[in-house]
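Structure first, then comments.
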Amino acid sequence: MHRNGLIVRSQDHGRYHYSQAVKEFRQLLETPRQVSLDDVETVFATVFLMIAWEWQFGHSVRHLQLHLQGVRSLLETHPQLFRIKDVNDMFFPPGSDTSTSGPVTMAKVKGSFIPEQFLLWILYIDASCRPIGLTESLNDYVAQSGNPALQPDHLHRCARLWGRCFWGEQYPDEEVLDDIENYRALELLHAGFCLRHRTWKALIESVAGTAESAEPLFREILNIREKFSDLFITARFAGSVSARRTLNTIYVAVSSFYSQVLLHRRLLCVDALPLGIHQQAIAGIIDICQKQFWSDPKLLRRLHFPLLMAVIETNDMTYQRWLRERLWELRDFHSEFVWAHDVAEQILARQDVSQGRYANLAELLLKRFHAQ
């Protein structure tokens, strides 16, 4: 109701129902009982929606962090919720019991990767919001948990399978083809989120003198660019309109990766001059943003971070003005868009005073981070 403006004072109604949902969810978690697979899916669907609400409409990053801490507590107290699932079990007939040898019995076995999909999305939000002020990292927790079923790369592989495994033969052929067409772009997008988490982690640890060098991360960036070179070429020469969503997915993945290239330099190599790859990233983001805008301005709602990085990097005042206007137009749609716009304006103001010299983005973000 709040998002679509369906009724007067819809935000008040939305917050009321949200508060009621949080209260009832807390009561559910506090009730002692045996946890089933259906319970896990319900819990993570609910947690994801709560986190998504705070991420999009919340006024304090602390509220978001409370929900992320709840996810961590859930994983700590119920380590059995996530275990490595054998994808090969999906080849057995529906309803087969694969845990026994010999003839197949008809005990019901549900092959679901839905919790993995929700947890992956939550980790993406965690990585995206760390610079905004999250003082704890769910990504760090899963990396240190020792549970291979919680690792982001494993969650990503499961997330790419959940629809086909859950619906089985009912899954439409069109959706199967759509999954296949979008796989590589979503894989690149996943790599971008992982880079964002590691880049911010390296910055935070550099303050404490324990960070990994920026060089290994840069080598990984180059390796990723080589691995997905076909997607970068496609994004460069493709048009703005396509009958399928694959091209839009490629545009999001490529521009997000380019933004990580620029973020790496601005946070970890503050005094380094831009290289060819950085110039390519700026040009690529601007090109993609313009294609998406001319196709449908709403598509820019997925590109706020590339817009932020491009607007503070480009030396072309015409492009800078255009990117600045697009960021300003996004402010009313998402709390993170407000943050991106504010950061861009502060950096540009500093660069105007210094007559075009790059402002220290790392210094600004750390100052805002510790002020939360």
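All residue names refer to the structure tokens as shown: chains lettered A, B, ... in order, residues numbered from 1 in each chain, ligands numbered from 1 in order.
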Fill in: DSSP-assigned alpha helix (DSSP H) members of region 129-222 of chain A, reported as a VMD selection string
chain A and resid 129 138 to 144 152 to 159 162 to 167 173 to 208 214 to 222
Worksheet entry | Gap from CA of Ser255 (chain A) to CA of Ile285 (chain A) - Å, one decimal |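 Atom-to-atom, CA of Ser255 (chain A) and CA of Ile285 (chain A) are spaced 5.2 Å apart.
Of the listed residues A:His341, A:Arg83, A:His63, A:Lys298, the one whose atoms come nearest to Gly146 (chain A) is A:Arg83, with distances taken using only C-alpha atoms.
Proximity to Arg266 (chain A) was assessed for A:Gln69, A:Val241, A:Val254, A:Ala310 counting only C-alpha atoms; the smallest distance is recorded for A:Ala310.
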Practice prompt. Tell me, as a list in words, which residues lie within 7 Å of Leu203 (chain A), counting only C-alpha atoms; anything in the same chain fewer than 4 positions away does not count.
Written response: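 After dropping sequence-adjacent residues, the list is Thr199, Val207, Leu267 and Leu268 of chain A.
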Next, the residues of the selection above should be written as a PDB file, in the first residue's frame with N, CA and C atoms.
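Result file is selection36.pdb:
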```pdb
ATOM      1  N   THR A 199      35.962  -5.369  -0.681  1.00  0.00           N
ATOM      2  CA  THR A 199      36.600  -4.063  -0.805  1.00  0.00           C
ATOM      3  C   THR A 199      36.348  -3.227   0.446  1.00  0.00           C
ATOM      4  N   VAL A 207      42.343   0.463   8.347  1.00  0.00           N
ATOM      5  CA  VAL A 207      42.404   1.421   9.453  1.00  0.00           C
ATOM      6  C   VAL A 207      43.049   0.776  10.671  1.00  0.00           C
ATOM      7  N   LEU A 267      38.683   3.671  -2.856  1.00  0.00           N
ATOM      8  CA  LEU A 267      38.790   3.314  -1.443  1.00  0.00           C
ATOM      9  C   LEU A 267      40.174   2.811  -1.061  1.00  0.00           C
ATOM     10  N   LEU A 268      40.793   2.012  -1.924  1.00  0.00           N
ATOM     11  CA  LEU A 268      42.027   1.319  -1.550  1.00  0.00           C
ATOM     12  C   LEU A 268      43.275   1.861  -2.242  1.00  0.00           C
TER      13      LEU A 268
END
```
Worksheet entry | Contact residues around region 151-154 of chain A with only C-alpha atoms at 10 Å, ignoring same-chain residues under 3 positions, as a list in words | Ile84, Glu116, Leu119, Leu120, Trp121, Leu123, Tyr124, Asn139, Tyr141, Val142, Ala143, Gln144, Ser145, Gly146, Asn147, Pro148, Arg157, Cys158, Ala159, Glu187, His190, Ala191, Phe193 and Cys194 of chain A
